[in-house]
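Everything below belongs to model.cif, which stores mmCIF, C-alpha atoms and all ligand atoms.
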```
data_upload
#
loop_
_atom_site.label_atom_id
_atom_site.label_comp_id
_atom_site.auth_asym_id
_atom_site.auth_seq_id
_atom_site.Cartn_x
_atom_site.Cartn_y
_atom_site.Cartn_z
CA MET V 193 198.49 91.96 -48.40
CA SER V 194 197.10 94.47 -45.93
CA PHE V 195 197.41 94.06 -42.17
CA MET V 196 194.34 94.58 -39.99
CA LEU V 197 195.80 95.68 -36.71
CA ILE V 198 194.69 96.94 -33.33
CA LEU V 199 196.69 99.94 -32.15
CA VAL V 200 197.05 100.31 -28.37
CA ILE V 201 198.07 103.72 -27.07
CA ASN V 202 199.29 104.63 -23.59
CA CYS V 203 199.76 108.39 -23.32
CA GLY V 204 201.67 109.90 -20.39
CA SER V 205 202.30 113.57 -19.75
CA SER V 206 205.39 113.66 -21.96
CA SER V 207 205.47 110.20 -23.52
CA VAL V 208 203.47 107.94 -25.81
CA LYS V 209 203.82 104.16 -25.82
CA LEU V 210 202.18 102.16 -28.55
CA ALA V 211 201.74 98.53 -29.51
CA LEU V 212 200.21 96.88 -32.56
CA PHE V 213 198.44 93.54 -32.31
CA HIS V 214 197.09 91.05 -34.79
CA HIS V 215 193.65 90.06 -33.62
CA ASP V 216 194.27 87.13 -31.26
CA ASP V 217 198.02 87.13 -30.95
CA PRO V 218 199.30 88.26 -27.53
CA ASN V 219 202.75 88.97 -29.02
CA PRO V 220 202.75 92.48 -30.46
CA VAL V 221 203.63 92.85 -34.13
CA ALA V 222 205.43 96.06 -33.19
CA THR V 223 205.96 98.34 -30.21
CA GLY V 224 207.13 101.94 -30.00
CA MET V 225 207.72 104.78 -27.62
CA VAL V 226 208.25 108.53 -27.91
CA ASP V 227 209.63 110.43 -24.92
CA CYS V 228 210.15 114.10 -23.99
CA ILE V 229 207.14 115.21 -26.04
CA GLY V 230 206.83 119.00 -26.34
CA THR V 231 210.56 119.59 -25.85
CA ASP V 232 213.52 119.78 -28.23
CA SER V 233 214.88 116.54 -26.73
CA ILE V 234 211.89 114.59 -28.08
CA SER V 235 213.04 111.16 -29.23
CA GLY V 236 211.61 107.73 -29.87
CA SER V 237 212.15 104.23 -31.12
CA TYR V 238 210.13 101.28 -32.40
CA ARG V 239 210.67 97.55 -32.78
CA ILE V 240 209.15 95.02 -35.09
CA GLY V 241 208.73 91.82 -33.06
CA HIS V 242 212.09 90.98 -31.48
CA GLU V 243 214.18 92.78 -34.10
CA PRO V 244 216.60 95.48 -32.93
CA SER V 245 214.90 98.81 -32.27
CA LYS V 246 215.04 101.68 -34.75
CA GLU V 247 214.87 105.41 -34.24
CA ILE V 248 211.69 107.41 -34.79
CA HIS V 249 212.33 110.79 -36.44
CA CYS V 250 210.32 113.13 -34.26
CA PRO V 251 209.73 116.83 -35.01
CA ALA V 252 211.38 119.10 -32.39
CA ASN V 253 208.84 120.30 -29.80
CA GLY V 254 206.22 118.01 -31.39
CA ASP V 255 202.97 117.39 -29.50
CA HIS V 256 201.27 114.05 -28.81
CA ALA V 257 199.63 113.89 -32.25
CA GLU V 258 202.91 114.65 -34.02
CA ALA V 259 204.70 112.05 -31.88
CA LEU V 260 202.11 109.41 -32.78
CA ASP V 261 202.23 110.39 -36.43
CA ALA V 262 206.04 110.13 -36.46
CA ALA V 263 205.90 106.69 -34.82
CA LEU V 264 203.38 105.44 -37.38
CA THR V 265 205.42 106.88 -40.24
CA GLY V 266 208.39 104.90 -38.92
CA LEU V 267 206.36 101.72 -38.70
CA ARG V 268 204.90 102.17 -42.18
CA SER V 269 208.42 102.58 -43.60
CA GLU V 270 209.02 98.92 -42.74
CA PRO V 271 208.43 96.68 -45.76
CA ALA V 272 206.58 94.23 -43.50
CA LEU V 273 204.11 96.93 -42.44
CA ASN V 274 203.74 99.31 -45.35
CA ASN V 275 200.15 98.26 -45.95
CA LEU V 276 199.36 98.72 -42.29
CA THR V 277 195.67 99.39 -41.70
CA VAL V 278 194.62 100.26 -38.18
CA THR V 279 191.24 98.59 -37.58
CA ALA V 280 190.57 99.98 -34.11
CA VAL V 281 192.43 101.94 -31.44
CA GLY V 282 192.47 101.05 -27.74
CA HIS V 283 193.51 103.64 -25.15
CA ARG V 284 194.83 103.02 -21.66
CA ILE V 285 193.02 105.49 -19.42
CA VAL V 286 194.19 105.72 -15.83
CA HIS V 287 191.09 107.05 -14.07
CA GLY V 288 187.48 106.23 -14.86
CA GLY V 289 186.10 107.53 -11.55
CA GLN V 290 182.72 106.07 -10.60
CA LYS V 291 181.41 106.56 -14.12
CA PHE V 292 183.21 103.78 -15.96
CA SER V 293 183.03 100.16 -14.81
CA ALA V 294 183.95 98.65 -18.20
CA PRO V 295 185.67 99.66 -21.46
CA VAL V 296 183.63 102.04 -23.65
CA LEU V 297 183.58 103.23 -27.22
CA VAL V 298 184.86 106.79 -27.25
CA ASP V 299 182.48 109.58 -28.18
CA ALA V 300 182.41 113.28 -27.33
CA GLU V 301 180.68 112.51 -24.01
CA THR V 302 183.37 109.97 -22.96
CA LEU V 303 186.12 112.39 -23.82
CA ALA V 304 184.45 115.14 -21.78
CA ALA V 305 184.00 112.71 -18.85
CA ILE V 306 187.70 111.75 -18.93
CA ARG V 307 188.69 115.41 -18.90
CA GLU V 308 186.23 116.07 -16.09
CA LEU V 309 188.06 113.45 -13.97
CA ALA V 310 191.31 115.47 -14.15
CA PRO V 311 191.15 116.55 -10.46
CA LEU V 312 191.27 112.86 -9.48
CA ALA V 313 194.20 112.06 -11.81
CA PRO V 314 196.05 115.34 -12.36
CA VAL V 315 199.11 113.75 -13.95
CA HIS V 316 197.31 111.35 -16.27
CA ALA V 317 193.83 112.51 -17.29
CA VAL V 318 194.89 115.36 -19.58
CA PRO V 319 197.55 113.37 -21.51
CA ASN V 320 195.09 110.45 -21.75
CA ALA V 321 192.55 112.78 -23.39
CA LEU V 322 195.26 114.25 -25.63
CA GLY V 323 196.10 110.74 -26.82
CA ILE V 324 192.48 110.08 -27.75
CA GLU V 325 192.19 113.40 -29.59
CA ALA V 326 195.42 112.72 -31.48
CA ALA V 327 194.25 109.25 -32.50
CA ILE V 328 190.86 110.58 -33.63
CA ARG V 329 192.66 113.10 -35.84
CA LEU V 330 194.90 110.40 -37.31
CA PHE V 331 192.18 107.73 -37.67
CA PRO V 332 188.88 109.58 -37.95
CA GLU V 333 186.99 106.60 -39.38
CA VAL V 334 188.23 104.01 -36.89
CA PRO V 335 186.50 102.98 -33.61
CA GLN V 336 188.36 104.17 -30.50
CA VAL V 337 187.94 102.35 -27.21
CA ALA V 338 188.85 103.61 -23.72
CA VAL V 339 190.02 100.97 -21.23
CA PHE V 340 190.20 102.20 -17.62
CA ASP V 341 192.71 101.11 -14.96
CA THR V 342 190.05 101.67 -12.31
CA ALA V 343 187.14 99.87 -14.01
CA PHE V 344 187.83 96.34 -12.73
CA HIS V 345 187.62 97.61 -9.14
CA GLN V 346 184.18 99.16 -9.50
CA THR V 347 182.76 95.95 -8.00
CA ILE V 348 184.23 96.66 -4.55
CA GLU V 349 181.66 97.46 -1.87
CA PRO V 350 181.20 100.66 0.15
CA GLN V 351 182.63 99.06 3.30
CA VAL V 352 185.84 98.56 1.32
CA TYR V 353 185.97 101.75 -0.74
CA ARG V 354 184.83 104.40 1.76
CA TYR V 355 187.36 106.28 3.90
CA ALA V 356 186.37 107.10 7.46
CA ILE V 357 186.09 110.83 6.76
CA PRO V 358 183.01 113.07 6.62
CA GLU V 359 180.44 111.82 4.14
CA GLU V 360 180.21 115.21 2.46
CA LEU V 361 183.75 114.78 1.11
CA TYR V 362 182.66 111.61 -0.66
CA ARG V 363 179.53 113.22 -2.10
CA LYS V 364 181.05 116.56 -3.12
CA HIS V 365 184.60 115.57 -4.03
CA ARG V 366 184.23 111.87 -4.90
CA ILE V 367 186.82 110.94 -2.25
CA ARG V 368 186.84 107.14 -1.97
CA ARG V 369 189.13 104.27 -2.83
CA TYR V 370 189.16 103.45 -6.56
CA GLY V 371 192.10 101.08 -7.10
CA PHE V 372 194.32 100.88 -10.19
CA HIS V 373 196.17 98.31 -12.36
CA GLY V 374 192.72 96.78 -12.95
CA THR V 375 193.49 95.71 -16.52
CA SER V 376 196.54 93.79 -15.32
CA HIS V 377 194.85 92.18 -12.29
CA ALA V 378 191.89 91.05 -14.42
CA TYR V 379 194.18 89.69 -17.15
CA VAL V 380 196.46 87.66 -14.87
CA ALA V 381 193.48 86.32 -12.90
CA GLY V 382 192.01 84.92 -16.13
CA GLU V 383 195.35 83.45 -17.20
CA ALA V 384 196.01 81.87 -13.78
CA ALA V 385 192.54 80.33 -13.60
CA ARG V 386 193.03 78.83 -17.06
CA ARG V 387 196.46 77.44 -16.21
CA LEU V 388 195.35 76.04 -12.82
CA ASN V 389 192.04 74.61 -14.09
CA LEU V 390 190.07 76.84 -11.74
CA GLU V 391 186.70 78.26 -12.71
CA LEU V 392 187.31 82.00 -12.67
CA ASN V 393 183.76 82.66 -11.46
CA ASN V 394 184.16 80.18 -8.62
CA CYS V 395 187.55 80.75 -7.02
CA ARG V 396 189.53 82.98 -4.65
CA LEU V 397 192.62 84.72 -5.97
CA LEU V 398 195.19 87.19 -4.67
CA SER V 399 197.08 89.13 -7.31
CA ALA V 400 200.31 91.08 -6.66
CA HIS V 401 201.24 93.43 -9.52
CA LEU V 402 204.81 94.48 -8.68
CA GLY V 403 206.41 96.87 -11.15
CA ASN V 404 207.48 100.47 -10.74
CA GLY V 405 203.98 100.91 -9.37
CA CYS V 406 202.77 98.11 -7.09
CA SER V 407 199.31 97.01 -6.04
CA ALA V 408 197.63 93.89 -4.72
CA THR V 409 194.03 92.80 -5.30
CA ALA V 410 191.62 90.23 -3.86
CA ILE V 411 189.56 88.63 -6.64
CA LEU V 412 186.51 86.60 -5.62
CA ASN V 413 184.67 84.68 -8.34
CA GLY V 414 186.29 86.81 -11.04
CA GLU V 415 185.47 90.18 -9.41
CA SER V 416 187.71 92.59 -7.57
CA VAL V 417 186.57 92.73 -3.93
CA ASP V 418 189.44 94.74 -2.40
CA THR V 419 192.63 96.33 -3.59
CA SER V 420 195.58 98.16 -2.06
CA MET V 421 195.54 101.42 -4.03
CA GLY V 422 192.99 104.07 -3.18
CA LEU V 423 191.92 107.52 -4.31
CA THR V 424 195.25 107.76 -6.11
CA PRO V 425 197.97 105.24 -7.00
CA LEU V 426 200.00 106.40 -3.97
CA GLU V 427 198.11 104.33 -1.38
CA GLY V 428 199.10 100.83 -0.34
CA LEU V 429 202.31 98.96 -1.03
CA VAL V 430 205.89 100.22 -1.06
CA MET V 431 206.74 101.01 -4.72
CA GLY V 432 209.73 102.11 -6.79
CA THR V 433 209.63 105.76 -5.77
CA ARG V 434 206.21 105.96 -4.06
CA SER V 435 205.88 105.57 -0.30
CA GLY V 436 202.60 103.66 -0.21
CA ASN V 437 200.77 104.00 3.13
CA VAL V 438 202.14 106.49 5.62
CA ASP V 439 200.55 108.10 8.65
CA PRO V 440 198.01 110.63 7.30
CA ASN V 441 199.43 113.14 9.78
CA LEU V 442 202.78 113.07 8.00
CA HIS V 443 201.92 116.10 5.85
CA ASN V 444 201.17 118.17 8.90
CA TYR V 445 204.31 116.97 10.70
CA LEU V 446 206.61 117.60 7.73
CA ALA V 447 205.13 121.05 7.13
CA LYS V 448 205.69 122.04 10.75
CA GLU V 449 208.96 120.27 11.53
CA ALA V 450 210.76 120.37 8.18
CA GLY V 451 209.11 123.50 6.74
CA LEU V 452 208.05 121.68 3.58
CA LYS V 453 205.32 122.99 1.29
CA LEU V 454 202.39 120.86 0.14
CA GLU V 455 203.84 120.34 -3.36
CA GLU V 456 207.23 119.39 -1.89
CA ILE V 457 205.64 116.75 0.33
CA THR V 458 203.62 115.38 -2.60
CA ASP V 459 206.80 115.20 -4.66
CA LEU V 460 208.69 113.56 -1.79
CA LEU V 461 206.05 110.83 -1.34
CA ASN V 462 205.63 110.17 -5.08
CA ARG V 463 209.14 110.50 -6.48
CA LYS V 464 211.68 110.24 -3.68
CA SER V 465 210.26 107.56 -1.41
CA GLY V 466 209.58 103.82 -1.75
CA LEU V 467 212.59 101.68 -2.65
CA THR V 468 214.54 104.76 -3.72
CA GLY V 469 213.93 106.52 -0.43
CA LEU V 470 214.55 103.50 1.79
CA SER V 471 217.72 102.39 0.02
CA GLY V 472 219.14 105.75 -1.02
CA ILE V 473 220.37 103.80 -4.05
CA SER V 474 217.78 103.21 -6.77
CA ASN V 475 214.24 102.22 -7.63
CA ASP V 476 215.58 99.62 -10.07
CA PHE V 477 215.04 96.21 -8.48
CA ARG V 478 217.89 94.66 -10.45
CA VAL V 479 220.35 97.12 -8.93
CA LEU V 480 218.90 96.63 -5.45
CA THR V 481 219.08 92.85 -5.76
CA GLN V 482 222.74 93.03 -6.69
CA LYS V 483 223.44 95.32 -3.72
CA PHE V 484 221.39 93.02 -1.48
CA ASN V 485 223.55 90.08 -2.52
CA GLU V 486 226.71 92.12 -1.88
CA GLY V 487 225.51 92.68 1.70
CA ASN V 488 224.53 96.34 1.34
CA GLN V 489 222.42 97.01 4.45
CA ALA V 490 220.30 99.81 2.98
CA ALA V 491 219.34 97.64 -0.01
CA GLN V 492 218.58 94.76 2.35
CA LEU V 493 216.32 96.94 4.48
CA ALA V 494 214.50 98.29 1.42
CA ILE V 495 213.76 94.79 0.14
CA GLU V 496 212.75 93.51 3.60
CA VAL V 497 210.29 96.39 4.05
CA PHE V 498 208.95 95.88 0.49
CA CYS V 499 208.25 92.17 1.09
CA PHE V 500 206.90 92.50 4.60
CA ARG V 501 204.47 95.23 3.60
CA LEU V 502 203.38 93.17 0.59
CA ALA V 503 202.72 90.10 2.75
CA ARG V 504 200.84 92.17 5.31
CA GLU V 505 198.64 93.65 2.57
CA LEU V 506 197.96 90.22 1.05
CA ALA V 507 197.02 88.86 4.48
CA GLY V 508 194.58 91.76 4.94
CA LEU V 509 193.08 91.34 1.48
CA THR V 510 192.27 87.72 2.32
CA VAL V 511 189.44 88.98 4.57
CA ALA V 512 187.53 90.08 1.45
CA LEU V 513 187.94 86.61 -0.09
CA LYS V 514 185.85 85.09 2.73
CA GLY V 515 188.09 82.03 2.79
CA MET V 516 191.60 80.87 2.04
CA PRO V 517 192.97 81.82 -1.40
CA ASP V 518 193.15 79.16 -4.11
CA ALA V 519 196.13 80.95 -5.61
CA LEU V 520 198.48 83.89 -5.18
CA ILE V 521 199.64 85.48 -8.44
CA PHE V 522 202.93 87.35 -8.89
CA THR V 523 203.16 89.66 -11.89
CA GLY V 524 204.85 92.87 -13.14
CA GLY V 525 208.59 93.41 -13.69
CA ILE V 526 209.48 92.50 -10.08
CA GLY V 527 206.81 89.84 -9.51
CA GLU V 528 207.77 88.03 -12.71
CA ASN V 529 211.54 88.32 -12.32
CA SER V 530 212.48 88.38 -8.64
CA PRO V 531 212.74 84.97 -6.93
CA LEU V 532 213.97 86.88 -3.88
CA VAL V 533 210.73 88.84 -3.46
CA ARG V 534 208.57 85.78 -4.08
CA ALA V 535 210.54 83.68 -1.58
CA LYS V 536 210.39 86.29 1.17
CA THR V 537 206.71 87.07 0.62
CA ILE V 538 205.64 83.43 0.55
CA THR V 539 207.68 82.74 3.69
CA HIS V 540 205.90 85.61 5.48
CA LEU V 541 202.58 84.02 4.48
CA ALA V 542 203.34 80.63 6.05
CA ALA V 543 200.41 81.06 8.46
CA PHE V 544 198.11 80.84 5.42
CA GLY V 545 199.63 77.50 4.46
CA PHE V 546 201.83 78.80 1.62
CA GLN V 547 205.06 76.86 1.13
CA LEU V 548 207.80 77.79 -1.32
CA ASP V 549 209.29 75.37 -3.82
CA PRO V 550 212.80 76.92 -3.93
CA ASP V 551 213.89 75.18 -7.14
CA LYS V 552 210.78 76.07 -9.10
CA ASN V 553 210.95 79.60 -7.72
CA GLU V 554 214.49 80.11 -9.04
CA THR V 555 213.59 79.07 -12.57
CA ALA V 556 210.07 80.56 -12.85
CA GLY V 557 209.25 83.67 -14.82
CA SER V 558 211.11 84.74 -17.96
CA ASN V 559 207.91 85.43 -19.87
CA SER V 560 206.12 82.21 -19.00
CA MET V 561 203.73 81.04 -16.30
CA GLY V 562 205.17 78.91 -13.53
CA ILE V 563 204.08 77.56 -10.15
CA VAL V 564 206.54 78.46 -7.38
CA SER V 565 204.86 76.82 -4.36
CA SER V 566 204.97 73.27 -3.05
CA PRO V 567 201.82 71.15 -3.58
CA HIS V 568 201.25 70.99 0.21
CA GLY V 569 199.63 74.42 0.42
CA PRO V 570 197.78 76.99 -1.69
CA THR V 571 199.32 77.68 -5.08
CA ALA V 572 201.65 80.60 -5.75
CA ILE V 573 202.16 81.23 -9.44
CA VAL V 574 204.05 83.65 -11.68
CA VAL V 575 201.87 85.00 -14.50
CA PRO V 576 203.39 87.47 -16.99
CA THR V 577 201.07 90.39 -17.42
CA ASN V 578 200.20 91.83 -20.83
CA GLU V 579 198.16 94.97 -20.28
CA GLU V 580 198.52 96.11 -23.88
CA PHE V 581 197.11 92.84 -25.19
CA ALA V 582 194.29 92.97 -22.64
CA ILE V 583 193.45 96.45 -23.99
CA ALA V 584 193.62 95.13 -27.56
CA ARG V 585 191.20 92.31 -26.64
CA ALA V 586 188.79 94.74 -24.98
CA THR V 587 189.05 96.96 -28.06
CA ILE V 588 188.23 94.07 -30.37
CA ALA V 589 185.26 93.12 -28.19
CA LEU V 590 183.80 96.63 -28.42
CA GLY V 591 185.33 98.26 -31.44
CA LEU V 592 184.97 95.81 -34.30
CA PRO V 593 181.80 95.56 -36.33
P1 LIG W 1 207.48 97.23 -14.71
O1 LIG W 1 206.98 98.57 -14.19
O2 LIG W 1 206.44 96.16 -14.63
O3 LIG W 1 208.17 97.32 -16.04
O4 LIG W 1 208.62 96.76 -13.68
C1 LIG W 1 209.78 97.51 -13.46
C2 LIG W 1 210.54 96.92 -12.27
O5 LIG W 1 210.84 95.54 -12.53
C3 LIG W 1 211.87 97.62 -12.00
O6 LIG W 1 212.06 97.78 -10.62
C4 LIG W 1 212.87 96.63 -12.56
O7 LIG W 1 214.12 96.76 -11.92
C5 LIG W 1 212.20 95.32 -12.18
N1 LIG W 1 212.81 94.20 -12.94
C6 LIG W 1 212.83 94.02 -14.28
N2 LIG W 1 213.55 92.92 -14.59
C7 LIG W 1 214.00 92.40 -13.42
C8 LIG W 1 214.79 91.28 -13.05
N3 LIG W 1 215.29 90.45 -13.97
N4 LIG W 1 215.03 91.06 -11.73
C9 LIG W 1 214.54 91.87 -10.78
N5 LIG W 1 213.78 92.95 -11.06
C10 LIG W 1 213.51 93.22 -12.35
#
```
What would the structure in this file look like if it were written as structure tokens?
Ligand code: AMP
Amino acid sequence: MSFMLILVINCGSSSVKLALFHHDDPNPVATGMVDCIGTDSISGSYRIGHEPSKEIHCPANGDHAEALDAALTGLRSEPALNNLTVTAVGHRIVHGGQKFSAPVLVDAETLAAIRELAPLAPVHAVPNALGIEAAIRLFPEVPQVAVFDTAFHQTIEPQVYRYAIPEELYRKHRIRRYGFHGTSHAYVAGEAARRLNLELNNCRLLSAHLGNGCSATAILNGESVDTSMGLTPLEGLVMGTRSGNVDPNLHNYLAKEAGLKLEEITDLLNRKSGLTGLSGISNDFRVLTQKFNEGNQAAQLAIEVFCFRLARELAGLTVALKGMPDALIFTGGIGENSPLVRAKTITHLAAFGFQLDPDKNETAGSNSMGIVSSPHGPTAIVVPTNEEFAIARATIALGLP
């Protein structure tokens, strides 16, 4: 028997994550990851379903194509997958600029456009393009689909996406708010509407994607109308190691007062700030929660700032909904697994009528949907995200004959 599978690829600068899906099944048949690509510490592993993971034998200093090839060789060595036939490939692409408002079939023009967006996504655009090129080499006959993190937010209006800076900068350098995590926000909005018997195209939703990166989105009648991230994924909420919003004069101040260079400030705001910076402990929410419970004041402050800023952002996003939200969605590693964050955020939003159900909140999550609010106010619900499956679905919609 041969398996017709959708391969989903997420290429970072030095890593490749992949997942294989049977057509309509949200549970991946297999997942894999290769890290430290291009170095002699390159290593990887894969898993079939929930079985224990196995090592991928990667060639030292291998590039993205060799990493992908090694991962697929590993998967094909499994008796359950040795007739594996990849039917279509879906790619997670971080930045689609103003050009892409939906997934597209990849051709030479798409690939050139993704590369051309590199100034807007310096860390991601080049590896994203490398991933596509590698997959084309490995599967030349198979349709390849690009799914953009920014695409869902292309519905937001100029009053929401323009910065109050000279117009020329928008025209010449495309400086505007784009928003990210669009695949996740769109997916959980659809799932929540289904679960809550809401018509997606006739409801008001707030979605909080809280993982290592965090963003919140207002979704009106199924469309993104405002979101917390901007030109880059640094804007908005407090994140694992990213600061989120700071005073735009901070660069100037740090350069003058602390003698920091531009790259050092960029590094500080992206890699040393957020929960890591506030706590001085970790960006791992499990560690911070433990420290919080032990009474560690730095961990407590980090979590308080995280939740307050989230609630403030959600309150602001409500303006774009033009009415009270029907539901608030929590998703991502923290949103799905931290009753503490949900409780604090919902409590901050009491003015909007939200009320926590403490018992339901404690037991919600763990890979299933669950309401965490009392019935006396708007609904707050945990919805596990599944970006890879959302990409597989988009790939099927476009890529299959
Ligand atoms: P993601 O980027 O969506 O994988 O989310 C990663 C974040 O989720 C990290 O901060 C993890 O510490 C956090 N996380 C994962 N599991 C849990 C958990 N059980 N409780 C609290 N935080 C968690």
Just want the 6 Å neighbourhood of Ser435 in chain V, counted on only C-alpha atoms, with same-chain residues fewer than 4 positions away dropped. Output as a PDB file with C-alpha atoms, in the coordinates of the input.
```pdb
ATOM      1  CA  VAL V 430     205.890 100.220  -1.060  1.00  0.00           C
ATOM      2  CA  LEU V 461     206.050 110.830  -1.340  1.00  0.00           C
ATOM      3  CA  SER V 465     210.260 107.560  -1.410  1.00  0.00           C
ATOM      4  CA  GLY V 466     209.580 103.820  -1.750  1.00  0.00           C
TER       5      GLY V 466
END
```
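Closest approach to ligand LIG 1 (chain W) from the set V:Ala385, V:Val417, V:Ala313, V:Leu467 is made by V:Leu467, with distances taken over all atoms listed in the file.
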For this session: Just the residues within 7 Å of range 212-229 of chain V, please, counting all atoms listed in the file, with nothing from its chain fewer than 6 positions along; format it as a PyMOL selection string.
Result: chain V and resi 196-200+206+235-241+253-256+259+263+581+584
Problem set entry | Spatial neighbours of range 320-329 of chain V, 10 Å, only C-alpha atoms, chain gap at least 2 places, as JSON, numbers by chain | {"V": [199, 201, 202, 203, 204, 205, 207, 208, 255, 256, 257, 258, 259, 260, 261, 281, 282, 283, 284, 285, 286, 287, 298, 302, 303, 304, 305, 306, 307, 310, 315, 316, 317, 318, 331, 332, 333, 334, 335, 336, 337, 338]}
Mind running chain V against ligand LIG 1 (chain W) at 7 Å and telling me each contacting residue's nearest atom pair with the distance in Å (one decimal), counting all atoms listed in the file, chain and number ascending, as a tab-separated table?
```
residue	atom	partner	partner_atom	distance
V:Leu402	CA	W:LIG1	O2	6.4
V:Gly403	CA	W:LIG1	O4	3.4
V:Asn404	CA	W:LIG1	O1	4.0
V:Gly405	CA	W:LIG1	O1	6.1
V:Gly432	CA	W:LIG1	O6	6.2
V:Asn475	CA	W:LIG1	O6	5.8
V:Asp476	CA	W:LIG1	O7	3.7
V:Phe477	CA	W:LIG1	O7	3.6
V:Arg478	CA	W:LIG1	C9	4.4
V:Val479	CA	W:LIG1	O7	6.9
V:Thr481	CA	W:LIG1	C9	6.8
V:Gly524	CA	W:LIG1	O2	3.9
V:Gly525	CA	W:LIG1	O5	3.3
V:Ile526	CA	W:LIG1	O5	4.1
V:Asn529	CA	W:LIG1	C8	4.5
V:Ser530	CA	W:LIG1	C9	4.6
```
Seminar exercise, completed: Nearest to Pro570 in chain V, restricted to all atoms listed in the file and choosing among V:Pro517, V:Gly288, V:Pro550, V:Gly591, comes out as V:Pro517
Problem set entry | Residue nearest Ser560 in chain V among V:Ala450, V:Ala262, V:Val380, V:Leu312 (counting only C-alpha atoms) | V:Val380
Problem set entry | Point-to-point distance from CA of Leu513 in chain V to CA of Ser416 in chain V, Å rounded to tenths |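 Distance between the two atoms: 9.6 Å.
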Seminar exercise, completed: What separates CA of Ile538 in chain V and CA of Thr419 in chain V is a distance of 18.8 Å
Exercise. To one decimal place, how far is CA of Leu446 in chain V from CA of Thr468 in chain V in Å?
Worked result: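 Going from CA of Leu446 in chain V over to CA of Thr468 in chain V covers 18.9 Å.
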For this session: Excluding Lys514 in chain V and residues on its chain fewer than 4 positions from it, collect all residues at most 12 Å away from it, counting all atoms listed in the file, and give them as an MDAnalysis selection string.
Result: chainID V and resid 395:397 410:413 417:418 507:510 518
For this session: Excluding Thr577 in chain V and residues on its chain fewer than 6 positions from it, collect all residues at most 12 Å away from it, counting all atoms listed in the file, and give them as a PyMOL selection string.
Result: chain V and resi 218-219+373-384+399-403+521-529+557-561+583
Problem set entry | Residue among V:Gly545, V:Leu264, V:Leu502, V:Ala519 lying closest to Leu390 in chain V, counting only C-alpha atoms | V:Ala519
Exercise. Pick the closest to Tyr353 in chain V from V:Asn437, V:Gln290, V:Asn394, V:Ser269: which is it, counting only C-alpha atoms?
Worked result: V:Gln290
Exercise. When distances are computed from all atoms listed in the file, which of V:Lys291, V:Arg534, V:Arg268, V:Lys453 shows the smallest separation from Ala503 in chain V?
Worked result: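 Ranked by minimum distance to Ala503 in chain V, first place goes to V:Arg534.
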